[in-house]
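Student: To be precise about what I am sending: the file is called data_16.pdb and holds PDB, C-alpha atoms and all ligand atoms.
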```
ATOM      1  CA  LYS A   1     151.785  -1.160 146.146
ATOM      2  CA  ILE A   2     152.718  -0.557 149.802
ATOM      3  CA  LEU A   3     150.506  -1.088 152.862
ATOM      4  CA  VAL A   4     151.530   0.819 156.002
ATOM      5  CA  THR A   5     150.091  -0.482 159.280
ATOM      6  CA  GLY A   6     150.104   1.828 162.294
ATOM      7  CA  ALA A   7     149.937   4.726 159.815
ATOM      8  CA  LEU A   8     148.605   7.233 162.377
ATOM      9  CA  GLY A   9     151.457   6.677 164.846
ATOM     10  CA  GLN A  10     154.623   8.723 165.424
ATOM     11  CA  ILE A  11     156.618   6.996 162.639
ATOM     12  CA  GLY A  12     153.669   5.832 160.527
ATOM     13  CA  SER A  13     152.150   9.277 159.997
ATOM     14  CA  GLU A  14     155.403  10.691 158.581
ATOM     15  CA  LEU A  15     156.544   7.528 156.804
ATOM     16  CA  THR A  16     153.238   7.376 154.885
ATOM     17  CA  MET A  17     153.826  10.932 153.597
ATOM     18  CA  ARG A  18     157.468  10.143 152.725
ATOM     19  CA  LEU A  19     156.558   6.900 150.888
ATOM     20  CA  ARG A  20     153.822   8.713 148.931
ATOM     21  CA  LYS A  21     156.365  11.338 147.852
ATOM     22  CA  GLU A  22     158.798   8.602 146.853
ATOM     23  CA  TYR A  23     156.461   6.113 145.132
ATOM     24  CA  GLY A  24     153.298   8.090 144.307
ATOM     25  CA  ALA A  25     150.273   8.774 146.518
ATOM     26  CA  ASP A  26     148.074   6.080 144.944
ATOM     27  CA  ASN A  27     150.721   3.409 145.616
ATOM     28  CA  VAL A  28     150.695   3.740 149.407
ATOM     29  CA  ILE A  29     147.692   2.485 151.399
ATOM     30  CA  ALA A  30     147.629   3.730 154.999
ATOM     31  CA  SER A  31     145.873   1.717 157.708
ATOM     32  CA  SER A  32     145.158   2.078 161.391
ATOM     33  CA  ARG A  33     143.091   0.284 164.029
ATOM     34  CA  ARG A  34     140.916   3.368 164.367
ATOM     35  CA  ILE A  35     140.300   6.741 162.828
ATOM     36  CA  LYS A  36     141.325   9.716 164.942
ATOM     37  CA  GLU A  37     138.335  12.078 165.145
ATOM     38  CA  GLY A  38     138.548  14.771 162.505
ATOM     39  CA  HIS A  39     140.157  12.402 159.993
ATOM     40  CA  GLU A  40     136.872  10.905 158.677
ATOM     41  CA  GLU A  41     137.787  12.174 155.195
ATOM     42  CA  LEU A  42     140.518   9.512 155.134
ATOM     43  CA  ILE A  43     137.903   6.792 154.529
ATOM     44  CA  GLU A  44     136.675   8.327 151.264
ATOM     45  CA  SER A  45     140.273   8.950 150.142
ATOM     46  CA  GLY A  46     140.484   5.368 148.809
ATOM     47  CA  VAL A  47     144.026   5.087 150.187
ATOM     48  CA  PHE A  48     143.121   4.453 153.819
ATOM     49  CA  GLU A  49     141.770   1.308 155.523
ATOM     50  CA  VAL A  50     140.580   0.771 159.099
ATOM     51  CA  LEU A  51     142.513  -2.396 159.935
ATOM     52  CA  ASP A  52     143.323  -4.253 163.148
ATOM     53  CA  VAL A  53     146.411  -6.365 162.400
ATOM     54  CA  VAL A  54     145.373  -8.989 164.948
ATOM     55  CA  ASP A  55     142.544  -9.877 162.523
ATOM     56  CA  GLY A  56     144.352 -11.951 159.902
ATOM     57  CA  LYS A  57     141.302 -12.255 157.636
ATOM     58  CA  GLN A  58     140.841  -8.458 157.520
ATOM     59  CA  LEU A  59     144.551  -8.039 156.760
ATOM     60  CA  SER A  60     144.429 -10.595 153.976
ATOM     61  CA  ASP A  61     141.346  -8.934 152.422
ATOM     62  CA  VAL A  62     143.059  -5.493 152.416
ATOM     63  CA  VAL A  63     146.268  -6.903 150.883
ATOM     64  CA  ARG A  64     144.324  -8.656 148.111
ATOM     65  CA  LYS A  65     141.912  -5.737 147.519
ATOM     66  CA  HIS A  66     144.783  -3.307 146.869
ATOM     67  CA  LYS A  67     147.219  -5.836 145.291
ATOM     68  CA  ILE A  68     149.818  -4.996 147.958
ATOM     69  CA  ASN A  69     153.358  -6.289 147.360
ATOM     70  CA  THR A  70     155.143  -4.588 150.277
ATOM     71  CA  ILE A  71     153.947  -4.387 153.884
ATOM     72  CA  VAL A  72     155.547  -1.757 156.135
ATOM     73  CA  HIS A  73     154.405  -3.018 159.515
ATOM     74  CA  LEU A  74     154.563  -0.349 162.224
ATOM     75  CA  ALA A  75     151.479  -1.184 164.311
ATOM     76  CA  ALA A  76     152.769  -2.023 167.805
ATOM     77  CA  VAL A  77     152.450  -1.339 171.521
ATOM     78  CA  LEU A  78     155.562   0.487 172.806
ATOM     79  CA  SER A  79     157.705  -0.140 175.889
ATOM     80  CA  ALA A  80     156.008   1.873 178.666
ATOM     81  CA  VAL A  81     152.424   1.062 177.612
ATOM     82  CA  GLY A  82     153.548  -2.544 177.134
ATOM     83  CA  GLU A  83     154.561  -2.759 180.798
ATOM     84  CA  GLN A  84     151.127  -1.460 181.827
ATOM     85  CA  ASN A  85     149.375  -4.008 179.593
ATOM     86  CA  PRO A  86     151.718  -6.896 178.711
ATOM     87  CA  ALA A  87     148.905  -9.110 177.374
ATOM     88  CA  MET A  88     147.895  -6.464 174.836
ATOM     89  CA  ALA A  89     151.556  -5.907 173.897
ATOM     90  CA  TRP A  90     151.997  -9.646 173.254
ATOM     91  CA  ASP A  91     148.747  -9.891 171.280
ATOM     92  CA  VAL A  92     149.314  -6.867 169.027
ATOM     93  CA  ASN A  93     153.092  -7.189 168.627
ATOM     94  CA  MET A  94     153.248 -10.986 168.133
ATOM     95  CA  ASN A  95     149.899 -12.006 166.631
ATOM     96  CA  GLY A  96     149.904  -8.867 164.475
ATOM     97  CA  LEU A  97     153.365  -9.675 163.141
ATOM     98  CA  TYR A  98     152.496 -13.369 162.676
ATOM     99  CA  ASN A  99     149.476 -12.355 160.561
ATOM    100  CA  VAL A 100     151.594  -9.948 158.498
ATOM    101  CA  LEU A 101     154.192 -12.658 157.793
ATOM    102  CA  GLU A 102     151.556 -15.301 156.958
ATOM    103  CA  VAL A 103     149.760 -12.960 154.532
ATOM    104  CA  ALA A 104     153.129 -11.943 153.059
ATOM    105  CA  ARG A 105     153.944 -15.637 152.508
ATOM    106  CA  GLU A 106     150.552 -16.353 150.900
ATOM    107  CA  GLU A 107     150.447 -13.143 148.763
ATOM    108  CA  ASN A 108     154.166 -12.908 147.973
ATOM    109  CA  CYS A 109     154.758  -9.559 149.712
ATOM    110  CA  SER A 110     158.029  -8.229 151.125
ATOM    111  CA  VAL A 111     157.957  -7.013 154.720
ATOM    112  CA  PHE A 112     159.679  -4.145 156.553
ATOM    113  CA  THR A 113     159.074  -4.109 160.288
ATOM    114  CA  PRO A 114     161.229  -2.328 162.904
ATOM    115  CA  SER A 115     162.813  -3.784 165.980
ATOM    116  CA  SER A 116     164.293  -1.535 168.657
ATOM    117  CA  ILE A 117     167.169  -0.932 171.055
ATOM    118  CA  ALA A 118     164.621  -2.451 173.435
ATOM    119  CA  ALA A 119     165.579  -5.847 171.956
ATOM    120  CA  PHE A 120     168.634  -5.732 174.260
ATOM    121  CA  GLY A 121     168.731  -6.215 178.037
ATOM    122  CA  ASP A 122     170.953  -5.803 181.094
ATOM    123  CA  SER A 123     173.311  -8.651 180.079
ATOM    124  CA  THR A 124     173.997  -7.037 176.668
ATOM    125  CA  PRO A 125     177.256  -5.020 176.364
ATOM    126  CA  LYS A 126     175.989  -1.433 176.845
ATOM    127  CA  ASP A 127     178.653   0.613 175.061
ATOM    128  CA  ASN A 128     179.053   0.223 171.295
ATOM    129  CA  THR A 129     176.500  -2.621 171.430
ATOM    130  CA  PRO A 130     177.432  -5.124 168.675
ATOM    131  CA  GLN A 131     175.127  -6.099 165.791
ATOM    132  CA  ASP A 132     175.328  -9.746 166.901
ATOM    133  CA  THR A 133     175.225 -10.119 170.685
ATOM    134  CA  ILE A 134     173.201 -11.481 173.591
ATOM    135  CA  GLN A 135     169.556 -10.347 173.611
ATOM    136  CA  ARG A 136     167.701 -10.991 176.894
ATOM    137  CA  PRO A 137     165.392  -7.962 177.274
ATOM    138  CA  THR A 138     163.383  -7.579 180.467
ATOM    139  CA  THR A 139     160.319  -5.753 179.105
ATOM    140  CA  MET A 140     157.354  -7.384 177.344
ATOM    141  CA  TYR A 141     157.973  -4.958 174.447
ATOM    142  CA  GLY A 142     161.592  -6.138 174.255
ATOM    143  CA  VAL A 143     160.515  -9.799 174.379
ATOM    144  CA  THR A 144     158.178  -9.175 171.424
ATOM    145  CA  LYS A 145     160.967  -7.339 169.554
ATOM    146  CA  VAL A 146     163.464 -10.205 169.908
ATOM    147  CA  ALA A 147     160.775 -12.779 169.059
ATOM    148  CA  GLY A 148     159.766 -10.588 166.117
ATOM    149  CA  GLU A 149     163.332 -10.443 164.796
ATOM    150  CA  LEU A 150     163.589 -14.233 165.002
ATOM    151  CA  LEU A 151     160.159 -14.757 163.381
ATOM    152  CA  CYS A 152     161.052 -12.410 160.472
ATOM    153  CA  ASP A 153     164.378 -14.222 159.897
ATOM    154  CA  TYR A 154     162.492 -17.553 160.083
ATOM    155  CA  TYR A 155     160.076 -16.501 157.337
ATOM    156  CA  TYR A 156     163.008 -15.407 155.197
ATOM    157  CA  HIS A 157     165.023 -18.615 155.598
ATOM    158  CA  LYS A 158     162.096 -21.067 155.581
ATOM    159  CA  TYR A 159     159.705 -19.478 153.026
ATOM    160  CA  GLY A 160     161.884 -16.914 151.219
ATOM    161  CA  VAL A 161     159.725 -13.977 152.355
ATOM    162  CA  ASP A 162     161.850 -10.844 151.811
ATOM    163  CA  THR A 163     161.866  -9.534 155.407
ATOM    164  CA  ARG A 164     164.061  -6.608 156.489
ATOM    165  CA  GLY A 165     164.179  -4.443 159.613
ATOM    166  CA  VAL A 166     166.141  -1.986 161.724
ATOM    167  CA  ARG A 167     166.569  -1.698 165.491
ATOM    168  CA  TYR A 168     165.373   1.885 165.983
ATOM    169  CA  PRO A 169     166.657   4.008 168.855
ATOM    170  CA  GLY A 170     164.470   6.733 170.318
ATOM    171  CA  ILE A 171     162.992   8.799 167.490
ATOM    172  CA  ILE A 172     162.508  12.551 167.813
ATOM    173  CA  SER A 173     159.987  14.387 165.637
ATOM    174  CA  TYR A 174     157.573  17.320 165.671
ATOM    175  CA  GLU A 175     154.611  16.094 163.541
ATOM    176  CA  THR A 176     153.025  13.368 165.721
ATOM    177  CA  LEU A 177     153.697  12.735 169.403
ATOM    178  CA  PRO A 178     155.156   9.296 170.313
ATOM    179  CA  GLY A 179     152.673   6.793 171.770
ATOM    180  CA  GLY A 180     153.883   5.654 175.176
ATOM    181  CA  GLY A 181     157.588   4.963 174.882
ATOM    182  CA  THR A 182     160.492   5.468 177.259
ATOM    183  CA  THR A 183     162.465   7.785 174.974
ATOM    184  CA  ASP A 184     159.460  10.133 174.695
ATOM    185  CA  TYR A 185     161.126  12.530 177.174
ATOM    186  CA  ALA A 186     163.450  13.636 174.372
ATOM    187  CA  VAL A 187     160.422  14.790 172.349
ATOM    188  CA  HIS A 188     158.462  16.402 175.186
ATOM    189  CA  ILE A 189     161.514  18.416 176.292
ATOM    190  CA  TYR A 190     161.396  20.480 173.086
ATOM    191  CA  TYR A 191     157.672  21.260 173.435
ATOM    192  CA  ASP A 192     158.112  22.347 177.061
ATOM    193  CA  ALA A 193     161.282  24.317 176.316
ATOM    194  CA  LEU A 194     159.294  26.488 173.906
ATOM    195  CA  LYS A 195     156.101  26.667 175.995
ATOM    196  CA  TYR A 196     157.565  27.011 179.518
ATOM    197  CA  LYS A 197     161.367  27.389 179.077
ATOM    198  CA  LYS A 198     161.479  24.490 181.562
ATOM    199  CA  TYR A 199     161.107  20.684 181.485
ATOM    200  CA  THR A 200     160.815  18.098 184.251
ATOM    201  CA  SER A 201     162.347  14.848 183.021
ATOM    202  CA  PHE A 202     161.014  11.400 183.982
ATOM    203  CA  ILE A 203     164.395   9.944 182.944
ATOM    204  CA  ALA A 204     167.304  10.543 185.367
ATOM    205  CA  LYS A 205     170.390  12.692 184.784
ATOM    206  CA  GLY A 206     173.210  10.684 183.215
ATOM    207  CA  THR A 207     170.953   8.117 181.483
ATOM    208  CA  LYS A 208     172.403   7.754 178.005
ATOM    209  CA  MET A 209     170.227   6.364 175.174
ATOM    210  CA  ASP A 210     170.584   6.176 171.407
ATOM    211  CA  MET A 211     168.422   8.650 169.493
ATOM    212  CA  MET A 212     167.675   9.694 165.909
ATOM    213  CA  TYR A 213     165.849  12.539 164.154
ATOM    214  CA  MET A 214     162.766  11.466 162.143
ATOM    215  CA  PRO A 215     164.128  12.406 158.663
ATOM    216  CA  ASP A 216     166.988   9.930 159.178
ATOM    217  CA  ALA A 217     164.558   7.287 160.486
ATOM    218  CA  LEU A 218     162.467   7.638 157.320
ATOM    219  CA  ASP A 219     165.488   7.512 154.986
ATOM    220  CA  ALA A 220     166.574   4.266 156.673
ATOM    221  CA  VAL A 221     163.334   2.505 155.648
ATOM    222  CA  ILE A 222     163.667   3.457 151.973
ATOM    223  CA  GLN A 223     167.411   2.781 151.844
ATOM    224  CA  LEU A 224     167.035  -0.681 153.409
ATOM    225  CA  MET A 225     163.966  -1.629 151.316
ATOM    226  CA  GLU A 226     165.833  -0.570 148.144
ATOM    227  CA  ALA A 227     169.113  -2.244 149.158
ATOM    228  CA  ASP A 228     170.663  -4.926 146.926
ATOM    229  CA  PRO A 229     169.619  -8.179 148.685
ATOM    230  CA  SER A 230     172.861  -9.902 147.644
ATOM    231  CA  LYS A 231     174.752  -7.461 149.897
ATOM    232  CA  LEU A 232     172.613  -8.146 152.988
ATOM    233  CA  ILE A 233     174.356 -10.416 155.483
ATOM    234  CA  HIS A 234     171.833  -9.479 158.179
ATOM    235  CA  ARG A 235     168.098  -8.865 157.797
ATOM    236  CA  ASN A 236     166.261  -8.647 161.117
ATOM    237  CA  ALA A 237     167.325  -6.394 162.427
ATOM    238  CA  PHE A 238     170.078  -3.832 161.792
ATOM    239  CA  ASN A 239     171.457  -1.661 164.610
ATOM    240  CA  ILE A 240     171.094   1.961 163.512
ATOM    241  CA  THR A 241     171.734   5.148 165.478
ATOM    242  CA  ALA A 242     172.614   8.804 164.899
ATOM    243  CA  MET A 243     173.520  10.038 168.361
ATOM    244  CA  SER A 244     173.548   9.034 172.004
ATOM    245  CA  PHE A 245     172.890  11.501 174.800
ATOM    246  CA  GLU A 246     171.638  11.933 178.373
ATOM    247  CA  PRO A 247     169.104  14.602 179.486
ATOM    248  CA  GLU A 248     171.787  17.168 180.467
ATOM    249  CA  GLU A 249     173.262  17.045 176.956
ATOM    250  CA  ILE A 250     169.970  17.727 175.159
ATOM    251  CA  ALA A 251     169.326  20.549 177.681
ATOM    252  CA  ALA A 252     172.705  22.108 176.825
ATOM    253  CA  ALA A 253     171.870  21.926 173.097
ATOM    254  CA  ILE A 254     168.513  23.647 173.772
ATOM    255  CA  ARG A 255     170.245  26.399 175.810
ATOM    256  CA  LYS A 256     172.194  27.417 172.703
ATOM    257  CA  TYR A 257     168.808  28.662 171.416
ATOM    258  CA  ILE A 258     166.919  29.261 174.695
ATOM    259  CA  PRO A 259     169.640  30.346 177.176
ATOM    260  CA  GLU A 260     167.297  30.488 180.164
ATOM    261  CA  PHE A 261     166.012  26.926 179.673
ATOM    262  CA  GLU A 262     165.834  24.952 182.956
ATOM    263  CA  LEU A 263     165.827  21.177 183.353
ATOM    264  CA  ASP A 264     164.820  19.385 186.527
ATOM    265  CA  TYR A 265     163.885  15.775 187.350
ATOM    266  CA  ASP A 266     160.951  13.760 188.638
ATOM    267  CA  VAL A 267     162.153  10.277 187.767
ATOM    268  CA  ASP A 268     159.536   7.629 186.915
ATOM    269  CA  PRO A 269     160.973   4.390 188.363
ATOM    270  CA  VAL A 270     159.259   2.183 185.768
ATOM    271  CA  ARG A 271     160.517   4.024 182.691
ATOM    272  CA  GLN A 272     163.915   4.652 184.366
ATOM    273  CA  ALA A 273     164.357   0.901 184.911
ATOM    274  CA  ILE A 274     163.454   0.286 181.255
ATOM    275  CA  ALA A 275     165.933   2.948 180.066
ATOM    276  CA  GLU A 276     168.729   1.527 182.256
ATOM    277  CA  SER A 277     168.216  -1.951 180.768
ATOM    278  CA  TRP A 278     168.881  -0.610 177.256
ATOM    279  CA  PRO A 279     172.255   0.117 175.581
ATOM    280  CA  ASN A 280     174.076   3.434 176.004
ATOM    281  CA  SER A 281     175.291   3.436 172.397
ATOM    282  CA  LEU A 282     174.966   1.075 169.429
ATOM    283  CA  ASP A 283     177.570  -0.093 166.913
ATOM    284  CA  ASP A 284     175.792   0.425 163.570
ATOM    285  CA  SER A 285     178.715  -0.538 161.311
ATOM    286  CA  ALA A 286     176.826  -3.499 159.777
ATOM    287  CA  ALA A 287     174.081  -1.170 158.467
ATOM    288  CA  ARG A 288     176.728   1.237 157.127
ATOM    289  CA  GLU A 289     178.607  -1.559 155.344
ATOM    290  CA  GLU A 290     175.649  -3.596 154.020
ATOM    291  CA  TRP A 291     173.249  -0.856 152.790
ATOM    292  CA  GLY A 292     174.971   2.537 153.205
ATOM    293  CA  TRP A 293     173.301   3.785 156.395
ATOM    294  CA  ASN A 294     174.572   7.322 157.059
ATOM    295  CA  PRO A 295     172.440   9.663 159.219
ATOM    296  CA  LYS A 296     172.463  13.397 158.451
ATOM    297  CA  TYR A 297     171.349  14.904 161.793
ATOM    298  CA  ASP A 298     173.334  15.233 165.018
ATOM    299  CA  LEU A 299     172.126  16.700 168.331
ATOM    300  CA  ASP A 300     172.814  20.316 167.309
ATOM    301  CA  SER A 301     171.253  20.243 163.842
ATOM    302  CA  MET A 302     168.267  18.249 165.162
ATOM    303  CA  THR A 303     167.739  20.744 168.016
ATOM    304  CA  ASN A 304     167.907  23.694 165.638
ATOM    305  CA  ASP A 305     165.362  22.131 163.266
ATOM    306  CA  MET A 306     163.036  20.845 166.018
ATOM    307  CA  LEU A 307     162.808  24.264 167.703
ATOM    308  CA  GLU A 308     162.270  26.069 164.369
ATOM    309  CA  LYS A 309     159.502  23.671 163.242
ATOM    310  CA  LEU A 310     157.825  23.492 166.685
ATOM    311  CA  LYS A 311     157.699  27.298 166.951
ATOM    312  CA  VAL A 312     155.601  27.282 163.764
ATOM    313  CA  LYS A 313     153.488  24.296 164.866
ATOM    314  CA  LEU A 314     152.800  25.818 168.313
ATOM    315  CA  GLY A 315     152.153  29.244 166.790
ATOM    316  CA  LEU A 316     154.868  30.867 168.951
TER     317      LEU A 316
HETATM  318  C1  LIG B 401     159.986   3.278 173.130
HETATM  319  N1  LIG B 401     160.302   4.927 171.351
HETATM  320  O1  LIG B 401     160.439   4.109 173.889
HETATM  321  C2  LIG B 401     160.151   3.506 171.628
HETATM  322  C3  LIG B 401     161.398   2.813 171.165
HETATM  323  C4  LIG B 401     163.823   2.638 171.520
HETATM  324  C5  LIG B 401     162.586   3.138 172.051
HETATM  325  O2  LIG B 401     161.222   1.445 171.054
HETATM  326  O3  LIG B 401     159.424   2.290 173.523
END
```
Write out the structure in this file as structure tokens.
Ligand code: VAH
Tutor:
Amino acid sequence: KILVTGALGQIGSELTMRLRKEYGADNVIASSRRIKEGHEELIESGVFEVLDVVDGKQLSDVVRKHKINTIVHLAAVLSAVGEQNPAMAWDVNMNGLYNVLEVAREENCSVFTPSSIAAFGDSTPKDNTPQDTIQRPTTMYGVTKVAGELLCDYYYHKYGVDTRGVRYPGIISYETLPGGGTTDYAVHIYYDALKYKKYTSFIAKGTKMDMMYMPDALDAVIQLMEADPSKLIHRNAFNITAMSFEPEEIAAAIRKYIPEFELDYDVDPVRQAIAESWPNSLDDSAAREEWGWNPKYDLDSMTNDMLEKLKVKLGL
């Protein structure tokens, strides 16, 4: 049985649905620190738990109650919110992960938890960033991502806990809005393009970042968790990407469907500094070689699908 933490977040909400389709609804327990209003029915569903991962006892009780053998740990504070509240980012991202790994060691669970392109900093080679390279991030989120990668590898080497992870780029999706990241502009631009035919970006022109469409992000979790462990040279965490673009490029892709779309800028210095400290493009050859990573969506096919699905969601 699988426990998903952070199951109401941008990735968690869709990954829970995908895992239930793949492994059966009763085999995937969703959990979140709080219930969003209007979701009270989740409690009675029997496959949802209110769980704060910084409470190790609560986590252990849930894992034992449901006989969990795989923990997909997504509960975290993202980059921009993490800079506003570094203490909370450290507490949730580090103590939460420590609890997950300790319970996994005690209850013999495997663990999937994502890292991020945020695990790299200014001194990392920015173009075609290697799988193995210097990692000195300058955000609290990035510090917790590098420490998290090292902690997950430690639990694998020292205790044999089966830990695996990917370094996600920005993830674009239409189901659930992202919760306070730096790459969020690439999600909001689609909503505004449909609603106002105009978007004001908080990330500057020319700022390239790696991105991925949600279906590919979800496939990566299942492919890596199902991968033959004897083929894994790396574990925490694999570079994966599907595309790399700057705001003008996503605007041009949108204009193929909304010709009059306008993009202007009101750069947020905090999130711009974070974006500039991250890679422009990742080398994801290790993931391709070791477990067959192969994304399906590029900027054009993602834009086409995003606009189609958002039109329905926004009732346009
Ligand atoms: C963020 N979307 O912006 C997350 C992610 C690579 C970016 O970690 O913080």
Student: Taking 3 positions as the minimum chain separation for residues in the same chain, which residues sit within 8 Å of region 158-166 of chain A when counting all atoms listed in the file? Answer as a list in words.
Tutor: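 Counting all atoms listed in the file, the residues come to Leu101, Ala104, Arg105, Asn108, Cys109, Ser110, Val111, Phe112, Thr113, Pro114, Ser115, Ser116, Glu149, Cys152, Asp153, Tyr154, Tyr155, Leu224, Met225, Arg235, Asn236, Ala237, Phe238, Asn239 and Ile240 of chain A.
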Student: Please, could you write that set of residues out with C-alpha atoms as a CSV table (one decimal), keeping the file's coordinate frame?
Tutor:
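Okay, this is what ended up in selection.csv:
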```
chain,number,residue,atom,x,y,z
A,101,LEU,CA,154.2,-12.7,157.8
A,104,ALA,CA,153.1,-11.9,153.1
A,105,ARG,CA,153.9,-15.6,152.5
A,108,ASN,CA,154.2,-12.9,148.0
A,109,CYS,CA,154.8,-9.6,149.7
A,110,SER,CA,158.0,-8.2,151.1
A,111,VAL,CA,158.0,-7.0,154.7
A,112,PHE,CA,159.7,-4.1,156.6
A,113,THR,CA,159.1,-4.1,160.3
A,114,PRO,CA,161.2,-2.3,162.9
A,115,SER,CA,162.8,-3.8,166.0
A,116,SER,CA,164.3,-1.5,168.7
A,149,GLU,CA,163.3,-10.4,164.8
A,152,CYS,CA,161.1,-12.4,160.5
A,153,ASP,CA,164.4,-14.2,159.9
A,154,TYR,CA,162.5,-17.6,160.1
A,155,TYR,CA,160.1,-16.5,157.3
A,224,LEU,CA,167.0,-0.7,153.4
A,225,MET,CA,164.0,-1.6,151.3
A,235,ARG,CA,168.1,-8.9,157.8
A,236,ASN,CA,166.3,-8.6,161.1
A,237,ALA,CA,167.3,-6.4,162.4
A,238,PHE,CA,170.1,-3.8,161.8
A,239,ASN,CA,171.5,-1.7,164.6
A,240,ILE,CA,171.1,2.0,163.5
```
Student: Residues of chain A that approach ligand LIG 401 (chain B) to 7 Å or less, counting all atoms listed in the file: could you list each one with the shortest pair of atoms and its distance in Å to one decimal, rows by chain and increasing residue number, as a Markdown table?
Tutor:
```
| residue | atom | partner | partner_atom | distance |
| --- | --- | --- | --- | --- |
| A:Leu78 | CA | B:LIG401 | O3 | 4.3 |
| A:Ser79 | CA | B:LIG401 | O3 | 3.8 |
| A:Ala80 | CA | B:LIG401 | O3 | 6.2 |
| A:Ser116 | CA | B:LIG401 | O2 | 4.9 |
| A:Ile117 | CA | B:LIG401 | C4 | 4.9 |
| A:Ala118 | CA | B:LIG401 | C4 | 5.5 |
| A:Tyr168 | CA | B:LIG401 | C4 | 5.8 |
| A:Pro169 | CA | B:LIG401 | C4 | 4.1 |
| A:Gly170 | CA | B:LIG401 | C4 | 4.3 |
| A:Ile171 | CA | B:LIG401 | N1 | 6.1 |
| A:Pro178 | CA | B:LIG401 | N1 | 6.8 |
| A:Gly180 | CA | B:LIG401 | O3 | 6.7 |
| A:Gly181 | CA | B:LIG401 | O1 | 3.1 |
| A:Thr182 | CA | B:LIG401 | O1 | 3.6 |
| A:Thr183 | CA | B:LIG401 | O1 | 4.3 |
| A:Asp184 | CA | B:LIG401 | O1 | 6.2 |
```
Student: I'd like to know which of A:Gly121, A:Gly12, A:Pro279, A:Pro259 is closest to Val221 (chain A), using all atoms listed in the file.
Tutor: A:Gly12
Student: Step by step, work through what the PyMOL selection byres (((chain A and resi 99) around 9) and not hetatm) selects in the shown file, and finish by giving those residues as a PyMOL selection string.
Tutor: chain A and resi 53-57+59-60+94-98+100-104
Student: Of the candidates A:Ser13, A:Thr70, A:Asn304, A:Ser277, which one gets nearest to Gly142 (chain A) if we count all atoms listed in the file?
Tutor: A:Ser277
Student: Can you work out the spacing between CA of Gly6 (chain A) and CA of Pro295 (chain A) in Å, to one decimal?
Tutor: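 So the answer is 23.9 Å.
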Student: Quick one: apply the PyMOL selection byres (((chain A and resi 197-200) around 10) and not hetatm) to the file and drop the selected residues here as a ChimeraX atom specification.
Tutor: /A:185,188-196,201-203,251,254-255,258-267
Student: As an exercise, work out the distance from CA of Met212 (chain A) to CA of Lys36 (chain A) in Å and give it to one decimal place.
Tutor: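 Separation between CA of Met212 (chain A) and CA of Lys36 (chain A): 26.4 Å.
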Student: Using all atoms listed in the file, can you tell me which of A:Pro86, A:Gly315, A:Pro130, A:Pro269 comes closest to Ser281 (chain A)?
Tutor: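 Among the listed residues, A:Pro130 lies closest to Ser281 (chain A).
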Student: Need to verify the contact set: region 43-45 of chain A, 10 Å, only C-alpha atoms, exclusion of same-chain residues closer than 6 positions in sequence. Can you return it as a list in words?
Tutor: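 Near region 43-45 of chain A, the qualifying residues are Asp26, Ile29, Ser31 and Ile35 of chain A.
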Student: Produce a file of the selected residues containing C-alpha atoms, as a compact mmCIF listing (two decimals), in the frame of the given file.
Tutor:
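File produced: result_20.txt:
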```txt
# COMPACT_ATOMS: atom_id res chain seq x y z
CA ASP A 26 148.07 6.08 144.94
CA ILE A 29 147.69 2.48 151.40
CA SER A 31 145.87 1.72 157.71
CA ILE A 35 140.30 6.74 162.83
```
Student: As an exercise, work out the distance from CA of Met209 (chain A) to CA of Thr241 (chain A) in Å and give it to one decimal place.
Tutor: 9.9 Å
Student: What does the PyMOL selection byres (((chain A and resi 120) around 10) and not hetatm) select in this file, as a list in words?
Tutor: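 Here the PyMOL selection byres (((chain A and resi 120) around 10) and not hetatm) matches Ser116, Ile117, Ala118, Ala119, Gly121, Asp122, Ser123, Thr124, Pro125, Lys126, Thr129, Thr133, Ile134, Gln135, Arg136, Pro137, Thr138, Thr139, Gly142, Val143, Lys145, Val146, Arg167, Ser277, Trp278 and Pro279 of chain A.
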Student: When distances are computed from all atoms listed in the file, which of A:Gly292, A:Met243, A:Ser230, A:Ala220 shows the smallest separation from Arg18 (chain A)?
Tutor: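 For Arg18 (chain A), the nearest of the given residues is A:Ala220.
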Student: Using all atoms listed in the file, which of the listed residues (A:Ile71, A:Ile2, A:Leu42, A:Leu232) sits closest to Ala287 (chain A)?
Tutor: A:Leu232
Student: Any idea what's packed within 9 Å of Glu290 (chain A), counting all atoms listed in the file, ignoring anything in its chain fewer than 3 positions away? Could you give it as a ChimeraX atom specification?
Tutor: /A:227-228,231-234,285-287,293
